[in-house]
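Novice: Provided below: work_39.cif, containing mmCIF, C-alpha atoms.
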data_query
loop_
_atom_site.group_PDB
_atom_site.id
_atom_site.type_symbol
_atom_site.label_atom_id
_atom_site.label_comp_id
_atom_site.auth_asym_id
_atom_site.auth_seq_id
_atom_site.Cartn_x
_atom_site.Cartn_y
_atom_site.Cartn_z
ATOM 1 C CA MET A 1 2.175 34.293 62.686
ATOM 2 C CA GLU A 2 4.786 32.223 60.882
ATOM 3 C CA ALA A 3 2.258 29.420 60.422
ATOM 4 C CA GLN A 4 -0.164 31.843 58.764
ATOM 5 C CA ALA A 5 2.541 33.236 56.461
ATOM 6 C CA GLN A 6 3.648 29.756 55.525
ATOM 7 C CA GLY A 7 0.051 28.691 54.801
ATOM 8 C CA LEU A 8 -0.348 31.617 52.400
ATOM 9 C CA LEU A 9 2.892 30.833 50.599
ATOM 10 C CA GLU A 10 2.183 27.154 49.925
ATOM 11 C CA THR A 11 2.623 26.243 46.251
ATOM 12 C CA GLU A 12 1.074 22.778 46.325
ATOM 13 C CA PRO A 13 -1.994 22.251 44.092
ATOM 14 C CA LEU A 14 -5.418 22.001 45.665
ATOM 15 C CA GLN A 15 -6.426 18.572 46.871
ATOM 16 C CA GLY A 16 -9.912 17.048 46.438
ATOM 17 C CA ARG A 17 -11.294 18.330 49.739
ATOM 18 C CA ASP A 18 -9.756 21.772 49.106
ATOM 19 C CA GLU A 19 -11.634 22.010 45.791
ATOM 20 C CA ASP A 20 -14.883 21.105 47.558
ATOM 21 C CA THR A 21 -14.265 23.842 50.102
ATOM 22 C CA VAL A 22 -13.664 26.445 47.376
ATOM 23 C CA ALA A 23 -16.777 25.336 45.444
ATOM 24 C CA SER A 24 -19.020 25.567 48.512
ATOM 25 C CA ALA A 25 -17.664 28.942 49.578
ATOM 26 C CA ASP A 26 -20.063 31.806 49.165
ATOM 27 C CA PHE A 27 -18.121 34.534 47.402
ATOM 28 C CA SER A 28 -21.199 36.705 47.180
ATOM 29 C CA SER A 29 -20.765 37.552 50.859
ATOM 30 C CA MET A 30 -17.304 38.912 50.064
ATOM 31 C CA LEU A 31 -18.618 41.257 47.373
ATOM 32 C CA SER A 32 -19.999 44.643 48.074
ATOM 33 C CA GLN A 33 -23.468 45.599 46.962
ATOM 34 C CA GLU A 34 -22.043 47.797 44.201
ATOM 35 C CA GLU A 35 -19.819 44.996 42.822
ATOM 36 C CA ARG A 36 -22.801 42.667 42.797
ATOM 37 C CA GLU A 37 -24.873 45.093 40.771
ATOM 38 C CA GLU A 38 -22.042 45.538 38.230
ATOM 39 C CA LEU A 39 -21.616 41.759 37.821
ATOM 40 C CA LYS A 40 -25.376 41.260 37.369
ATOM 41 C CA ALA A 41 -25.466 43.960 34.700
ATOM 42 C CA GLU A 42 -22.463 42.402 32.947
ATOM 43 C CA LEU A 43 -24.144 38.975 33.102
ATOM 44 C CA VAL A 44 -27.318 40.313 31.474
ATOM 45 C CA GLN A 45 -25.266 42.086 28.806
ATOM 46 C CA LEU A 46 -23.263 38.892 27.986
ATOM 47 C CA GLU A 47 -26.447 36.810 27.735
ATOM 48 C CA ASP A 48 -27.944 39.398 25.360
ATOM 49 C CA GLU A 49 -24.794 39.414 23.208
ATOM 50 C CA ILE A 50 -24.764 35.605 23.039
ATOM 51 C CA THR A 51 -28.415 35.553 21.966
ATOM 52 C CA THR A 52 -27.734 38.210 19.315
ATOM 53 C CA LEU A 53 -24.682 36.319 18.008
ATOM 54 C CA ARG A 54 -26.715 33.107 17.736
ATOM 55 C CA GLN A 55 -29.396 34.918 15.746
ATOM 56 C CA VAL A 56 -26.808 36.488 13.423
ATOM 57 C CA LEU A 57 -25.074 33.155 12.927
ATOM 58 C CA SER A 58 -28.362 31.431 12.117
ATOM 59 C CA ALA A 59 -29.264 34.145 9.592
ATOM 60 C CA LYS A 60 -25.842 33.892 7.934
ATOM 61 C CA GLU A 61 -26.119 30.093 7.712
ATOM 62 C CA ARG A 62 -29.533 30.427 5.997
ATOM 63 C CA HIS A 63 -28.086 32.977 3.580
ATOM 64 C CA LEU A 64 -25.148 30.649 2.858
ATOM 65 C CA VAL A 65 -27.517 27.777 2.021
ATOM 66 C CA GLU A 66 -29.498 30.037 -0.313
ATOM 67 C CA ILE A 67 -26.364 31.143 -2.169
ATOM 68 C CA LYS A 68 -25.160 27.554 -2.535
ATOM 69 C CA GLN A 69 -28.535 26.508 -3.922
ATOM 70 C CA LYS A 70 -28.446 29.338 -6.463
ATOM 71 C CA LEU A 71 -24.932 28.287 -7.527
ATOM 72 C CA GLY A 72 -26.028 24.661 -7.864
ATOM 73 C CA MET A 73 -23.735 23.502 -5.118
ATOM 74 C CA ASN A 74 -24.976 20.522 -3.194
ATOM 75 C CA LEU A 75 -23.675 18.360 -0.394
ATOM 76 C CA MET A 76 -21.801 16.043 -2.789
ATOM 77 C CA ASN A 77 -19.930 18.947 -4.382
ATOM 78 C CA GLU A 78 -19.006 20.270 -0.963
ATOM 79 C CA LEU A 79 -17.725 16.865 0.099
ATOM 80 C CA LYS A 80 -15.635 16.645 -3.087
ATOM 81 C CA GLN A 81 -14.200 20.103 -2.492
ATOM 82 C CA ASN A 82 -13.451 19.299 1.135
ATOM 83 C CA PHE A 83 -11.829 16.026 0.138
ATOM 84 C CA SER A 84 -9.749 17.731 -2.556
ATOM 85 C CA ARG A 85 -8.688 20.436 -0.143
ATOM 86 C CA SER A 86 -7.812 17.859 2.537
ATOM 87 C CA TRP A 87 -5.911 15.720 0.020
ATOM 88 C CA HIS A 88 -3.950 18.747 -1.167
ATOM 89 C CA ASP A 89 -3.191 19.767 2.418
ATOM 90 C CA MET A 90 -2.039 16.255 3.210
ATOM 91 C CA GLN A 91 0.195 16.084 0.116
ATOM 92 C CA THR A 92 1.849 19.348 1.023
ATOM 93 C CA SER A 93 2.517 18.249 4.597
ATOM 94 C CA THR A 94 6.092 17.414 5.512
ATOM 95 C CA ALA A 95 5.123 14.011 6.918
ATOM 96 C CA TYR A 96 3.577 12.996 3.577
ATOM 97 C CA LYS A 97 6.600 14.240 1.642
ATOM 98 C CA LYS A 98 9.021 12.346 3.871
ATOM 99 C CA THR A 99 6.934 9.166 3.666
ATOM 100 C CA HIS A 100 6.639 9.498 -0.120
ATOM 101 C CA GLU A 101 10.399 9.975 -0.473
ATOM 102 C CA THR A 102 11.100 6.989 1.779
ATOM 103 C CA LEU A 103 8.701 4.712 -0.101
ATOM 104 C CA SER A 104 10.048 5.909 -3.444
ATOM 105 C CA HIS A 105 13.602 5.170 -2.339
ATOM 106 C CA ALA A 106 12.540 1.736 -1.057
ATOM 107 C CA GLY A 107 10.780 1.026 -4.371
ATOM 108 C CA GLN A 108 13.908 1.921 -6.311
ATOM 109 C CA LYS A 109 15.989 -0.385 -4.129
ATOM 110 C CA ALA A 110 13.455 -3.210 -4.554
ATOM 111 C CA THR A 111 13.467 -2.730 -8.335
ATOM 112 C CA ALA A 112 17.256 -2.859 -8.382
ATOM 113 C CA ALA A 113 17.226 -6.000 -6.227
ATOM 114 C CA PHE A 114 14.711 -7.731 -8.510
ATOM 115 C CA SER A 115 16.756 -6.709 -11.524
ATOM 116 C CA ASN A 116 19.880 -8.202 -9.949
ATOM 117 C CA VAL A 117 18.016 -11.425 -9.140
ATOM 118 C CA GLY A 118 16.728 -11.633 -12.733
ATOM 119 C CA THR A 119 20.219 -11.078 -14.100
ATOM 120 C CA ALA A 120 21.638 -13.742 -11.790
ATOM 121 C CA ILE A 121 18.966 -16.237 -12.852
ATOM 122 C CA SER A 122 19.566 -15.482 -16.534
ATOM 123 C CA LYS A 123 23.282 -15.955 -16.031
ATOM 124 C CA LYS A 124 22.709 -19.270 -14.243
ATOM 125 C CA PHE A 125 20.507 -20.509 -17.091
ATOM 126 C CA GLY A 126 23.150 -19.404 -19.581
ATOM 127 C CA ASP A 127 25.861 -21.192 -17.620
ATOM 128 C CA MET A 128 23.675 -24.287 -17.366
ATOM 129 C CA ARG A 129 22.958 -24.251 -21.106
ATOM 130 C CA ASN A 130 26.679 -24.077 -21.822
ATOM 131 C CA SER A 131 27.462 -26.909 -19.420
ATOM 132 C CA PRO A 132 28.630 -30.241 -20.903
ATOM 133 C CA THR A 133 25.717 -32.121 -19.297
ATOM 134 C CA PHE A 134 23.112 -29.905 -20.944
ATOM 135 C CA LYS A 135 24.907 -30.023 -24.304
ATOM 136 C CA SER A 136 25.028 -33.823 -24.113
ATOM 137 C CA PHE A 137 21.300 -33.912 -23.305
ATOM 138 C CA GLU A 138 20.551 -31.501 -26.137
ATOM 139 C CA GLU A 139 22.527 -33.637 -28.594
ATOM 140 C CA ARG A 140 20.670 -36.773 -27.497
ATOM 141 C CA VAL A 141 17.318 -35.076 -28.006
ATOM 142 C CA GLU A 142 18.387 -33.869 -31.467
ATOM 143 C CA THR A 143 19.590 -37.369 -32.386
ATOM 144 C CA THR A 144 16.340 -38.929 -31.198
ATOM 145 C CA VAL A 145 14.255 -36.421 -33.136
ATOM 146 C CA THR A 146 16.319 -37.000 -36.274
ATOM 147 C CA SER A 147 16.013 -40.774 -35.856
ATOM 148 C CA LEU A 148 12.263 -40.501 -35.433
ATOM 149 C CA LYS A 149 11.996 -38.432 -38.596
ATOM 150 C CA GLU A 150 14.104 -40.911 -40.550
ATOM 151 C CA ALA A 151 12.111 -43.860 -39.203
ATOM 152 C CA LEU A 152 8.821 -42.233 -40.083
ATOM 153 C CA THR A 153 10.127 -41.492 -43.556
ATOM 154 C CA LYS A 154 11.300 -45.103 -44.037
ATOM 155 C CA VAL A 155 8.081 -46.606 -42.676
ATOM 156 C CA GLY A 156 5.957 -44.190 -44.638
ATOM 157 C CA GLY A 157 7.941 -44.790 -47.858
ATOM 158 C CA ALA A 158 7.985 -48.603 -47.617
ATOM 159 C CA ASN A 159 4.342 -49.242 -46.755
ATOM 160 C CA HIS A 160 2.759 -46.138 -48.222
ATOM 161 C CA GLY A 161 0.244 -46.550 -45.417
ATOM 162 C CA GLY A 162 2.254 -44.963 -42.649
ATOM 163 C CA GLY A 163 2.858 -48.271 -40.809
ATOM 164 C CA SER A 164 1.679 -49.367 -37.424
ATOM 165 C CA PHE A 165 2.903 -48.020 -34.141
ATOM 166 C CA GLU A 166 5.035 -51.149 -33.489
ATOM 167 C CA GLU A 167 6.770 -50.765 -36.856
ATOM 168 C CA VAL A 168 7.572 -47.132 -36.205
ATOM 169 C CA LEU A 169 8.858 -47.973 -32.744
ATOM 170 C CA SER A 170 10.963 -50.843 -34.050
ATOM 171 C CA SER A 171 12.325 -48.711 -36.846
ATOM 172 C CA THR A 172 13.175 -45.934 -34.412
ATOM 173 C CA ALA A 173 14.966 -48.339 -32.100
ATOM 174 C CA HIS A 174 16.895 -49.669 -35.118
ATOM 175 C CA ALA A 175 17.863 -46.145 -36.198
ATOM 176 C CA SER A 176 18.853 -45.237 -32.672
ATOM 177 C CA ALA A 177 21.050 -48.330 -32.436
ATOM 178 C CA GLN A 178 22.787 -47.394 -35.689
ATOM 179 C CA SER A 179 23.441 -43.820 -34.589
ATOM 180 C CA SER A 180 24.820 -44.898 -31.212
ATOM 181 C CA GLY A 181 27.758 -46.392 -33.061
ATOM 182 C CA GLY A 182 27.970 -50.135 -33.031
ATOM 183 C CA GLY A 183 25.239 -52.212 -31.587
ATOM 184 C CA PRO A 184 24.288 -55.793 -32.353
ATOM 185 C CA ARG A 185 23.084 -54.853 -35.818
ATOM 186 C CA ARG A 186 26.523 -53.616 -36.870
ATOM 187 C CA ALA A 187 28.074 -56.874 -35.694
ATOM 188 C CA GLU A 188 25.618 -58.823 -37.881
ATOM 189 C CA GLU A 189 26.452 -56.654 -40.898
ATOM 190 C CA GLU A 190 30.169 -57.242 -40.398
ATOM 191 C CA GLU A 191 29.619 -61.007 -40.283
ATOM 192 C CA LEU A 192 27.602 -60.950 -43.480
ATOM 193 C CA GLN A 193 30.317 -59.068 -45.318
ATOM 194 C CA CYS A 194 32.988 -61.633 -44.538
#
As structure tokens, what does this structure read like?
Specialist:
Amino acid sequence: MEAQAQGLLETEPLQGRDEDTVASADFSSMLSQEEREELKAELVQLEDEITTLRQVLSAKERHLVEIKQKLGMNLMNELKQNFSRSWHDMQTSTAYKKTHETLSHAGQKATAAFSNVGTAISKKFGDMRNSPTFKSFEERVETTVTSLKEALTKVGGANHGGGSFEEVLSSTAHASAQSSGGGPRRAEEEELQC
């Protein structure tokens, strides 16, 4: 008797062979004739209701299509409306809002970082421009440009033809030697003056 009571109180789920046993069991033998008749009547009634509901649904779908045609609504308009509705629903979702806030915050941080990098680069260029090496280079370029202008003016004024490339180059080298403060030309001039 204890074995029977324990078998009825088992809480373990059905195993594969137990499910097969339940599926092959004939419950109709357990039902009385009256219960069988009630279930058959209920089955017929449910099948009739399902058929009626399908017919009503089909009629309503046809009516819906007719109304949409009269309103000029087509499949493309419906897709647009569905997309707009879905997009709005997505934008109002908490996940979208959190993601948007996170990306916005990250964008602000990236902008600030790029701004700081740009400022640092500008400062480095400013520091470099104020360095003695750059100033010396800048002065040399200015001196060379001035010498070239003077040489072109001298060559152009003496020949009235503009002079050849060798003359301009020679004249520029001569002017550059004079501006550098004491080359061989200055030594020759000092000897001539004595």
Novice: Work out how far atom CA of Ser147 of chain A is from atom CA of Leu169 of chain A, in Å to one decimal.
Specialist: 10.6 Å
Novice: Kindly give the distance, in Å, that separates atom CA of Glu142 of chain A and atom CA of Phe125 of chain A, rounded to a single decimal.
Specialist: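 If I compute the distance from atom CA of Glu142 of chain A to atom CA of Phe125 of chain A, I get 19.7 Å.
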Novice: Separation of atom CA of Asn77 of chain A and atom CA of Met90 of chain A, in Å?
Specialist: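 Taking atom CA of Asn77 of chain A and atom CA of Met90 of chain A, their separation equals 19.6 Å.
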Novice: Check the smallest atom-to-atom distance from each of A:Thr144, A:Asn130, A:Ser93, A:Gln81 to His174 of chain A using only C-alpha atoms, then report the winner.
Specialist: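 Counting only C-alpha atoms, the residue closest to His174 of chain A is A:Thr144.
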